[in-house]
Structure formats: C-alpha cells, structure tokens
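So this one's target-v4.tsv, TSV, C-alpha atoms:
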chain	number	residue	atom	x	y	z
B	1	MET	CA	65.38	21.78	29.12
B	2	ALA	CA	66.58	21.36	32.69
B	3	HIS	CA	70.23	21.98	33.47
B	4	PRO	CA	72.21	19.38	35.45
B	5	THR	CA	71.48	19.29	39.23
B	6	GLN	CA	68.47	21.54	38.72
B	7	LEU	CA	66.08	21.29	41.67
B	8	GLY	CA	63.47	23.92	40.87
B	9	PHE	CA	61.00	24.42	38.05
B	10	LYS	CA	62.06	25.14	34.49
B	11	ASP	CA	61.98	28.75	33.32
B	12	ALA	CA	58.44	29.75	32.48
B	13	ALA	CA	57.41	30.67	28.97
B	14	MET	CA	53.77	31.30	29.78
B	15	PRO	CA	52.26	34.01	32.02
B	16	VAL	CA	50.27	31.63	34.22
B	17	MET	CA	53.35	29.45	34.71
B	18	GLU	CA	55.27	32.52	35.93
B	19	GLU	CA	52.52	33.12	38.48
B	20	LEU	CA	52.74	29.49	39.56
B	21	LEU	CA	56.51	29.85	40.05
B	22	HIS	CA	56.03	32.94	42.26
B	23	PHE	CA	53.31	31.21	44.25
B	24	HIS	CA	55.50	28.17	44.74
B	25	ASP	CA	58.30	30.40	46.04
B	26	HIS	CA	55.85	32.12	48.40
B	27	ALA	CA	54.37	28.89	49.77
B	28	LEU	CA	57.76	27.20	50.08
B	29	MET	CA	59.14	30.20	52.01
B	30	ILE	CA	56.27	29.98	54.49
B	31	VAL	CA	56.82	26.24	54.85
B	32	LEU	CA	60.56	26.76	55.43
B	33	LEU	CA	59.95	29.44	58.05
B	34	ILE	CA	57.50	27.27	59.97
B	35	SER	CA	59.76	24.22	59.76
B	36	THR	CA	62.75	26.24	61.00
B	37	LEU	CA	60.73	27.62	63.89
B	38	VAL	CA	59.48	24.17	64.92
B	39	LEU	CA	62.95	22.63	64.64
B	40	TYR	CA	64.39	25.43	66.74
B	41	ILE	CA	61.74	25.00	69.42
B	42	ILE	CA	62.31	21.25	69.53
B	43	THR	CA	66.07	21.61	69.95
B	44	ALA	CA	65.56	24.29	72.58
B	45	MET	CA	63.17	22.08	74.52
B	46	VAL	CA	65.42	19.09	74.34
B	47	SER	CA	68.65	20.83	75.26
B	48	THR	CA	67.57	22.96	78.21
B	49	LYS	CA	68.27	22.15	81.87
B	50	LEU	CA	65.46	24.40	83.10
B	51	THR	CA	62.15	22.88	84.13
B	52	ASN	CA	58.91	24.63	84.87
B	53	LYS	CA	56.36	22.76	86.88
B	54	TYR	CA	53.89	25.55	87.66
B	55	ILE	CA	52.21	26.67	84.45
B	56	LEU	CA	48.86	24.99	84.00
B	57	ASP	CA	47.28	26.99	81.20
B	58	SER	CA	47.58	30.25	79.36
B	59	GLN	CA	44.80	31.86	77.39
B	60	GLU	CA	47.04	34.35	75.61
B	61	ILE	CA	49.43	31.92	73.97
B	62	GLU	CA	46.58	29.64	72.97
B	63	ILE	CA	44.87	32.54	71.22
B	64	VAL	CA	48.10	33.47	69.44
B	65	TRP	CA	48.84	29.99	68.20
B	66	THR	CA	45.30	29.59	66.88
B	67	ILE	CA	44.96	32.94	65.14
B	68	LEU	CA	48.45	33.02	63.64
B	69	PRO	CA	48.14	29.72	61.70
B	70	ALA	CA	44.72	30.81	60.44
B	71	VAL	CA	46.26	34.02	59.13
B	72	ILE	CA	49.10	32.09	57.52
B	73	LEU	CA	46.63	29.76	55.82
B	74	VAL	CA	44.68	32.72	54.46
B	75	LEU	CA	47.94	34.19	53.13
B	76	ILE	CA	48.52	30.93	51.26
B	77	ALA	CA	44.94	30.46	50.09
B	78	LEU	CA	44.42	33.89	48.55
B	79	PRO	CA	47.19	33.75	45.91
B	80	SER	CA	46.31	30.11	45.28
B	81	LEU	CA	42.69	30.93	44.48
B	82	ARG	CA	43.77	33.86	42.34
B	83	ILE	CA	45.89	31.59	40.18
B	84	LEU	CA	43.17	28.96	40.05
B	85	TYR	CA	40.74	31.45	38.54
B	86	LEU	CA	43.45	32.85	36.29
B	87	MET	CA	43.96	29.38	34.83
B	88	ASP	CA	40.25	29.14	34.13
B	89	GLU	CA	40.05	32.38	32.17
B	90	ILE	CA	38.17	32.22	28.91
B	91	ASN	CA	40.59	32.83	26.10
B	92	ASP	CA	39.87	33.13	22.42
B	93	PRO	CA	42.51	31.04	20.70
B	94	HIS	CA	44.10	31.98	17.40
B	95	LEU	CA	45.09	28.43	16.53
B	96	THR	CA	43.92	24.92	17.36
B	97	ILE	CA	46.34	22.00	17.33
B	98	LYS	CA	45.44	18.41	18.04
B	99	ALA	CA	48.01	16.26	19.83
B	100	MET	CA	47.19	12.57	19.49
B	101	GLY	CA	49.10	10.07	21.62
B	102	HIS	CA	50.05	6.72	20.15
B	103	GLN	CA	52.23	3.90	21.35
B	104	TRP	CA	54.91	5.34	21.29
B	105	TYR	CA	54.91	8.71	19.54
B	106	TRP	CA	52.83	11.86	19.27
B	107	SER	CA	51.10	13.07	16.13
B	108	TYR	CA	50.09	16.68	15.61
B	109	GLU	CA	47.27	17.94	13.41
B	110	TYR	CA	46.80	21.52	12.26
B	111	THR	CA	43.41	21.51	10.52
B	112	ASP	CA	42.15	25.09	10.81
B	113	TYR	CA	42.85	25.79	7.13
B	114	GLU	CA	44.46	22.80	5.41
B	115	ASN	CA	44.78	19.24	6.65
B	116	LEU	CA	48.31	19.21	8.01
B	117	GLY	CA	49.25	16.20	10.11
B	118	PHE	CA	52.60	14.64	10.99
B	119	ASP	CA	54.13	12.20	13.45
B	120	SER	CA	56.79	13.10	15.98
B	121	TYR	CA	59.17	10.30	16.94
B	122	MET	CA	62.01	10.52	19.42
B	123	VAL	CA	65.47	10.77	17.85
B	124	PRO	CA	67.36	7.60	18.95
B	125	THR	CA	70.49	8.24	20.98
B	126	GLN	CA	72.83	6.94	18.29
B	127	ASP	CA	71.37	9.39	15.74
B	128	LEU	CA	71.76	12.54	17.85
B	129	ALA	CA	73.81	15.42	16.48
B	130	PRO	CA	76.34	17.05	18.87
B	131	GLY	CA	74.56	19.44	21.19
B	132	GLN	CA	71.17	17.72	21.01
B	133	PHE	CA	69.51	16.39	24.13
B	134	ARG	CA	69.29	12.67	24.81
B	135	LEU	CA	65.74	11.23	25.02
B	136	LEU	CA	64.26	14.68	24.46
B	137	GLU	CA	64.68	15.50	20.79
B	138	THR	CA	62.13	14.58	18.13
B	139	ASP	CA	62.29	14.43	14.37
B	140	HIS	CA	59.39	16.88	13.89
B	141	ARG	CA	58.64	19.62	16.38
B	142	MET	CA	55.27	21.13	17.14
B	143	VAL	CA	55.75	24.69	15.88
B	144	VAL	CA	53.53	27.45	17.24
B	145	PRO	CA	53.47	31.20	16.63
B	146	MET	CA	54.74	33.09	19.68
B	147	GLU	CA	52.53	35.45	21.68
B	148	SER	CA	49.36	33.89	20.22
B	149	PRO	CA	46.84	32.03	22.36
B	150	VAL	CA	46.95	28.42	21.22
B	151	ARG	CA	44.40	25.75	22.02
B	152	VAL	CA	45.73	22.19	22.20
B	153	LEU	CA	43.21	19.35	22.04
B	154	VAL	CA	44.82	16.24	23.49
B	155	SER	CA	43.58	12.74	22.85
B	156	ALA	CA	44.95	9.26	22.35
B	157	GLU	CA	44.51	6.55	19.77
B	158	ASP	CA	45.23	3.52	21.90
B	159	VAL	CA	46.05	3.78	25.62
B	160	LEU	CA	46.30	6.59	28.14
B	161	HIS	CA	49.09	9.11	27.61
B	162	SER	CA	49.66	12.60	28.95
B	163	TRP	CA	50.88	15.64	27.06
B	164	ALA	CA	53.09	17.73	29.31
B	165	VAL	CA	55.36	20.73	28.67
B	166	PRO	CA	56.45	22.18	32.05
B	167	SER	CA	57.75	25.51	30.70
B	168	LEU	CA	54.36	26.24	29.19
B	169	GLY	CA	52.55	25.11	32.33
B	170	VAL	CA	50.61	22.41	30.47
B	171	LYS	CA	49.89	18.86	31.49
B	172	MET	CA	46.82	17.24	30.02
B	173	ASP	CA	45.84	13.58	30.02
B	174	ALA	CA	45.32	11.95	26.64
B	175	VAL	CA	42.32	9.64	26.98
B	176	PRO	CA	41.11	7.53	24.04
B	177	GLY	CA	37.69	8.72	22.89
B	178	ARG	CA	37.93	12.01	24.77
B	179	LEU	CA	39.18	15.41	23.66
B	180	ASN	CA	40.83	17.42	26.43
B	181	GLN	CA	41.48	21.09	25.94
B	182	ALA	CA	44.52	22.97	27.19
B	183	ALA	CA	45.49	26.51	26.29
B	184	PHE	CA	48.75	28.40	26.43
B	185	ILE	CA	50.53	31.47	25.12
B	186	ALA	CA	54.26	31.20	24.41
B	187	SER	CA	55.41	34.60	25.59
B	188	ARG	CA	58.93	34.19	24.21
B	189	PRO	CA	60.40	32.37	21.21
B	190	GLY	CA	62.23	29.20	22.06
B	191	VAL	CA	62.22	25.45	22.19
B	192	PHE	CA	60.36	23.81	25.07
B	193	TYR	CA	60.68	20.16	25.99
B	194	GLY	CA	58.34	17.80	27.76
B	195	GLN	CA	57.76	14.09	28.14
B	196	CYS	CA	54.81	11.74	28.16
B	197	SER	CA	53.41	11.78	31.68
B	198	GLU	CA	51.17	8.72	31.88
B	199	ILE	CA	52.54	5.20	31.80
B	200	CYS	CA	51.69	3.77	28.43
B	201	GLY	CA	53.81	0.69	27.87
B	202	ALA	CA	57.37	-0.28	27.16
B	203	ASN	CA	58.51	2.96	25.52
B	204	HIS	CA	56.66	5.39	27.75
B	205	SER	CA	59.93	7.17	28.58
B	206	PHE	CA	60.81	7.52	24.91
B	207	MET	CA	58.03	9.64	23.47
B	208	PRO	CA	59.03	13.24	24.17
B	209	ILE	CA	57.27	16.44	23.18
B	210	VAL	CA	59.05	19.42	21.67
B	211	VAL	CA	57.27	22.73	21.15
B	212	GLU	CA	59.02	25.42	19.14
B	213	ALA	CA	57.68	28.97	19.40
B	214	VAL	CA	58.61	31.19	16.46
B	215	PRO	CA	57.45	34.53	15.02
B	216	LEU	CA	54.31	34.33	12.91
B	217	GLU	CA	56.06	34.66	9.50
B	218	HIS	CA	58.34	31.75	10.34
B	219	PHE	CA	55.33	29.72	11.44
B	220	GLU	CA	53.59	30.41	8.12
B	221	ASN	CA	56.72	29.43	6.16
B	222	TRP	CA	57.09	26.26	8.20
B	223	SER	CA	53.47	25.21	7.68
B	224	SER	CA	53.72	25.79	3.91
B	225	LEU	CA	56.89	23.68	3.81
B	226	MET	CA	55.26	20.91	5.85
B	227	LEU	CA	52.22	20.89	3.57
B	228	GLU	CA	54.43	20.56	0.49
B	229	ASP	CA	56.37	17.70	2.06
B	230	ALA	CA	53.25	15.84	3.11
M	1	MET	CA	22.19	37.19	9.13
M	2	ALA	CA	23.99	35.59	6.23
M	3	ASP	CA	26.38	38.59	6.08
M	4	VAL	CA	27.26	38.14	9.73
M	5	ILE	CA	28.08	34.50	9.15
M	6	ASP	CA	29.97	35.27	5.93
M	7	ASP	CA	32.05	37.82	7.83
M	8	LYS	CA	32.78	35.32	10.55
M	9	ILE	CA	33.85	32.74	7.97
M	10	LYS	CA	36.08	35.24	6.15
M	11	ASN	CA	37.81	36.19	9.40
M	12	TYR	CA	37.91	32.61	10.61
M	13	ARG	CA	41.03	31.76	12.56
M	14	THR	CA	39.96	28.79	14.59
M	15	ALA	CA	36.92	27.47	16.41
M	16	PRO	CA	35.95	30.21	18.88
M	17	PHE	CA	35.09	29.71	22.53
M	18	ASP	CA	31.69	28.00	22.78
M	19	ALA	CA	29.87	28.78	26.03
M	20	ARG	CA	27.92	25.52	25.78
M	21	PHE	CA	31.20	23.66	26.32
M	22	PRO	CA	33.19	25.75	28.80
M	23	ASN	CA	35.10	22.89	30.42
M	24	THR	CA	38.12	20.81	29.60
M	25	ASN	CA	36.21	18.03	27.87
M	26	GLN	CA	35.59	19.18	24.30
M	27	THR	CA	34.48	15.81	22.89
M	28	ARG	CA	30.88	16.89	22.71
M	29	ASN	CA	31.82	20.19	21.06
M	30	CYS	CA	33.51	18.34	18.20
M	31	PHE	CA	30.75	15.75	17.87
M	32	GLN	CA	27.97	18.33	18.03
M	33	ASN	CA	29.40	20.42	15.22
M	34	TYR	CA	29.99	17.34	13.08
M	35	LEU	CA	26.43	16.18	13.72
M	36	VAL	CA	24.89	19.55	12.96
M	37	TYR	CA	26.89	19.81	9.75
M	38	PHE	CA	25.62	16.47	8.57
M	39	LEU	CA	22.08	17.16	9.75
M	40	SER	CA	22.05	20.37	7.77
M	41	ASP	CA	23.97	18.68	4.95
M	42	PHE	CA	21.17	16.28	4.20
M	43	HIS	CA	18.43	18.83	4.51
M	44	ARG	CA	19.92	22.01	3.15
M	45	CYS	CA	23.51	22.01	2.07
M	46	ASN	CA	23.24	19.38	-0.59
M	47	LYS	CA	25.36	20.15	-3.67
M	48	VAL	CA	22.18	20.06	-5.80
M	49	LEU	CA	20.36	22.56	-3.61
M	50	SER	CA	23.25	24.97	-3.24
M	51	GLY	CA	23.21	25.40	-7.00
M	52	LYS	CA	19.75	26.92	-6.62
M	53	GLY	CA	21.12	29.74	-4.45
M	54	GLN	CA	20.23	28.30	-1.07
M	55	ASP	CA	22.13	29.83	1.83
M	56	SER	CA	24.90	27.43	2.73
M	57	SER	CA	27.07	29.64	4.94
M	58	PRO	CA	25.89	28.13	8.26
M	59	CYS	CA	26.88	24.72	6.89
M	60	GLU	CA	30.33	26.02	6.00
M	61	TRP	CA	30.69	27.40	9.52
M	62	TYR	CA	29.93	24.06	11.17
M	63	GLN	CA	32.21	22.30	8.74
M	64	ARG	CA	35.13	24.59	9.55
M	65	VAL	CA	34.52	24.25	13.27
M	66	TYR	CA	34.39	20.46	13.26
M	67	LYS	CA	37.44	20.34	11.01
M	68	SER	CA	39.30	22.48	13.54
M	69	LEU	CA	38.21	20.52	16.57
M	70	CYS	CA	37.84	16.89	15.57
M	71	PRO	CA	40.87	14.63	15.09
M	72	MET	CA	41.23	13.50	11.47
M	73	SER	CA	41.00	9.83	12.44
M	74	TRP	CA	37.64	10.39	14.14
M	75	VAL	CA	36.27	12.26	11.09
M	76	GLU	CA	37.39	9.49	8.75
M	77	LYS	CA	35.81	6.86	10.98
M	78	TRP	CA	32.53	8.75	11.17
M	79	ASP	CA	32.52	9.41	7.41
M	80	GLY	CA	32.98	5.66	6.86
M	81	GLN	CA	30.15	4.92	9.29
M	82	ILE	CA	27.82	7.35	7.54
M	83	GLU	CA	28.53	5.67	4.21
M	84	ASP	CA	27.87	2.25	5.73
M	85	GLY	CA	24.80	3.51	7.50
M	86	SER	CA	26.14	2.59	10.94
M	87	PHE	CA	26.69	6.11	12.30
M	88	PRO	CA	25.43	6.24	15.92
M	89	GLY	CA	24.16	9.84	15.81
M	90	LYS	CA	20.69	10.77	14.64
M	91	ILE	CA	21.01	12.05	11.07
Once you've parsed the file, please lay out its structure as structure tokens.
Amino acid sequence: MAHPTQLGFKDAAMPVMEELLHFHDHALMIVLLISTLVLYIITAMVSTKLTNKYILDSQEIEIVWTILPAVILVLIALPSLRILYLMDEINDPHLTIKAMGHQWYWSYEYTDYENLGFDSYMVPTQDLAPGQFRLLETDHRMVVPMESPVRVLVSAEDVLHSWAVPSLGVKMDAVPGRLNQAAFIASRPGVFYGQCSEICGANHSFMPIVVEAVPLEHFENWSSLMLEDA
Amino acid sequence: MADVIDDKIKNYRTAPFDARFPNTNQTRNCFQNYLVYFLSDFHRCNKVLSGKGQDSSPCEWYQRVYKSLCPMSWVEKWDGQIEDGSFPGKI
C-alpha cells in the first residue's frame, strides 16, 4: 500500500524486488549525475563572456568522452544482467496457485491437495470498514505461506487482464487460453496490494489483488476453514 | 521404479519444475500431463485393471500434476469433451 505523495517503489517483500530497488537507485543516481553535469555545462556555456576561436580539435578530450560513457554503460549493464539472470533462476515451488481473471474480479484456485477455489471481489467504497483502503480491499484475500516459494499460474476466462503485485515484484499478463507462470517468495508476513494492469473493460480499475503472507500454521488453518465454507 | 514414484507421490507438495517447459508459458505443461493421464487411463489405469494389481502410481502422478497446474474450468471442459467424444487431443 503506497503512502500519500509516495514517488518511489513500494517496500519490497521479495528478494528479487529488493535487488530491483537497489538497481533502480543505482541507475537513477547515474542518470541524475549526468543530467546535472550536462545542465551545468549548458549554463556555463550560455552565461560566459569568454570566447575561444582557436581550438580546432583535441584528441585527448575526444578519447575521454568516448571511453567514459562506455564505462558508465558497462557499470549499468552488469547489475542489470545479474538481476535478469536472477529472475530466471529455476526454483522448486512448494505451492501452486492459479489466478484466473474475469470481468471484473479474480478467482484463486488451490488444487495441490483439495479443490479449493474462491472469487475475490473488490469491497465497494460504501462497505469499507474504518481503516480499510479504498479501491484496494477485497472480500477474500489470496493467502500464502511466508518464506515459501510459490508458483502463480495466471490466466483469464474472458479478456486480457494482468496480475500485478508490486511489493512482490510480480506482473504477469492473464491471457485467455494461456497459462503464464510467475514465482515469488514472500520474505516477510504482511498484506500486499496490487491492481489489474491490463485494460479489460468498464471496471478495470475496480478489480484489485490482495496477497496475505502468513506463517504456515495460519495458512493451513485458513485453507481448512475455506474448504469447510465452500 | 514404482517405489521411487510412490515416494514422490507421498512427498508431493506441488508440480515440480519440468525441464521440458522451462519458460513462462506453462499451457503445454498442463495439457501434456492431462493428456498423458488420459492416455494411460484408457490403457492401464482403468478401475477394472487396477483391481488386478497393475501398477497405477505413474497415473496418479500425472493426475496430481495436472490437477495442480490446470485451471478447474479447463479440466471440466476437457472432461466434458472426452465424454462427448469431441476432445481435440489424441487419446
């Protein structure tokens, strides 16, 4: 959940997302330094009364301003590639959950052992309890055990949707007839919010995603309760 | 061989990583396991045959994997198509 006037990313709850945050800080710092330098040079050029009419060329400065950008690009590329391969690591999941997008709600299926499936509708604004978040809360949350690798298989039943939870570093398109795999580990317990990220009709903005990471015993209790209710 | 599979089924948590389907698109993974289960179902895992002591643990493995991976609506649709005889896969 973002706080008001937040500009940056949400706090990460997933190791790869933490890496992405650090990389973003690194790349943004380089960009800011270069932009400041260029802006300074422009203002210096524009505001000086000195003129120099006698320099025709200079090998040294040309070498410097070719090699230096290449070095900077390498410094950006190396962490970027490291994270790219980190995201592609093979992980053995402990749990598989299917997230099916409908117009305009998500349904979650936990079928590793029993057939547990439920729908997750947004709580309308007039039904919110004090302290709940507008347009973000749902009636049923997707509960996962914390610190366990989870595989989410995202698909859709009608039109394109996209299952996104920024804190967990997941965004995966939901395509009808196709099963897309995303994996995450919730490294801390908590409630993580996301919203549908592919335009899917009138209520596209009103089909949020809520993932709740809890200790394993709580997850087992919750799934037994959900099976009884179903 | 059967013990290995029985062990894997006893310790089953969820469908493991399958190197034949390493990428994001797992549609084929789900469909393949469903297909193989029904292929083996008709030839080996029939209820009648399993009473005679035939080894049915590979069938149970494929069933658990496709149940983990395939959305329930897809499985229901395919089950209906198999009953009608309109299932597109080769059974």
List the neighbours of Ser73 in chain M out to 12 Å using only C-alpha atoms; skip same-chain residues closer than 4 positions along the sequence, and give me the result as a CSV table (one decimal) with C-alpha atoms, in the coordinates of the input.
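Listed below is the output, part_8.csv:
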chain,number,residue,atom,x,y,z
B,98,LYS,CA,45.4,18.4,18.0
B,100,MET,CA,47.2,12.6,19.5
B,107,SER,CA,51.1,13.1,16.1
B,108,TYR,CA,50.1,16.7,15.6
B,109,GLU,CA,47.3,17.9,13.4
B,115,ASN,CA,44.8,19.2,6.6
B,117,GLY,CA,49.2,16.2,10.1
B,155,SER,CA,43.6,12.7,22.8
B,156,ALA,CA,45.0,9.3,22.4
B,157,GLU,CA,44.5,6.6,19.8
B,176,PRO,CA,41.1,7.5,24.0
B,177,GLY,CA,37.7,8.7,22.9
M,67,LYS,CA,37.4,20.3,11.0
M,69,LEU,CA,38.2,20.5,16.6
M,77,LYS,CA,35.8,6.9,11.0
M,78,TRP,CA,32.5,8.8,11.2
M,79,ASP,CA,32.5,9.4,7.4
M,80,GLY,CA,33.0,5.7,6.9
With a distance cut-off of 12 Å and all atoms listed in the file, select the neighbouring residues of Asp18 in chain M, excluding the residue or stretch itself and same-chain residues fewer than 6 positions from it, and output the selection as a PyMOL selection string.
-> (chain B and resi 90-93) or (chain M and resi 24+26+28-30+32-33+65+69)
Between CA of His102 in chain B and CA of Asp158 in chain B, what is the spacing in Å?
-> 6.0 Å
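Here is the contact set of chain M against chain B, at 6 Å and counting all atoms listed in the file: Arg13, Thr14, Phe17, Thr24, Asn25, Gln26, Thr27 and Ser68 of chain M.
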Same residues, C-alpha atoms, output as a PDB file, in the frame of the given file:
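What follows is the written file again05.pdb:
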ATOM      1  CA  ARG M  13      41.030  31.760  12.560  1.00  0.00           C
ATOM      2  CA  THR M  14      39.960  28.790  14.590  1.00  0.00           C
ATOM      3  CA  PHE M  17      35.090  29.710  22.530  1.00  0.00           C
ATOM      4  CA  THR M  24      38.120  20.810  29.600  1.00  0.00           C
ATOM      5  CA  ASN M  25      36.210  18.030  27.870  1.00  0.00           C
ATOM      6  CA  GLN M  26      35.590  19.180  24.300  1.00  0.00           C
ATOM      7  CA  THR M  27      34.480  15.810  22.890  1.00  0.00           C
ATOM      8  CA  SER M  68      39.300  22.480  13.540  1.00  0.00           C
TER       9      SER M  68
END
Interatomic distance between CA of Glu60 in chain M and CA of Leu225 in chain B?
->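 CA of Leu225 in chain B lies at a distance of 26.8 Å from CA of Glu60 in chain M.
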List every protein, DNA or RNA residue with an atom no more than 12 Å from (47.3, 34.4, 34.5) in the file's coordinates, counting all atoms listed in the file, and format the result as an MDAnalysis selection string.
-> chainID B and resid 14:23 79:91 169 183:185
Any idea what's packed within 8 Å of range 187-193 of chain B, counting only C-alpha atoms, ignoring anything in its chain fewer than 3 positions away? Could you give it as number ranges by chain?
-> B: 1, 13-15, 136, 146-147, 165-168, 208-215
Distance query Leu35 in chain M at most 8 Å, only C-alpha atoms, self and fewer than 2 positions along chain excluded, as an MDAnalysis selection string | chainID M and resid 31:33 37:39 89:91
Since we have the selection now, will you write its residues out, keeping C-alpha atoms, as a short mmCIF file (atom, residue, chain, number, x, y, z; two decimals), in the frame of the given file?
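Result written to selection_5.cif:
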data_model
loop_
_atom_site.label_atom_id
_atom_site.label_comp_id
_atom_site.auth_asym_id
_atom_site.auth_seq_id
_atom_site.Cartn_x
_atom_site.Cartn_y
_atom_site.Cartn_z
CA PHE M 31 30.75 15.75 17.87
CA GLN M 32 27.97 18.33 18.03
CA ASN M 33 29.40 20.42 15.22
CA TYR M 37 26.89 19.81 9.75
CA PHE M 38 25.62 16.47 8.57
CA LEU M 39 22.08 17.16 9.75
CA GLY M 89 24.16 9.84 15.81
CA LYS M 90 20.69 10.77 14.64
CA ILE M 91 21.01 12.05 11.07
#
Can you tell me how far CA of Gln103 in chain B sits from CA of His161 in chain B, in Å to one decimal?
->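 These two atoms are separated by 8.7 Å.
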Padded axis-aligned box of range 83-89 of chain M (3 Å per side), centre and edge lengths, Å, one decimal, as JSON:
{"center_x": 26.3, "center_y": 6.0, "center_z": 10.1, "size_x": 10.4, "size_y": 13.6, "size_z": 17.7}
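Proximity ranking of B:Met142, B:Ala2, B:Val175, B:Met45 relative to Trp222 in chain B places B:Met142 first, based on only C-alpha atoms.
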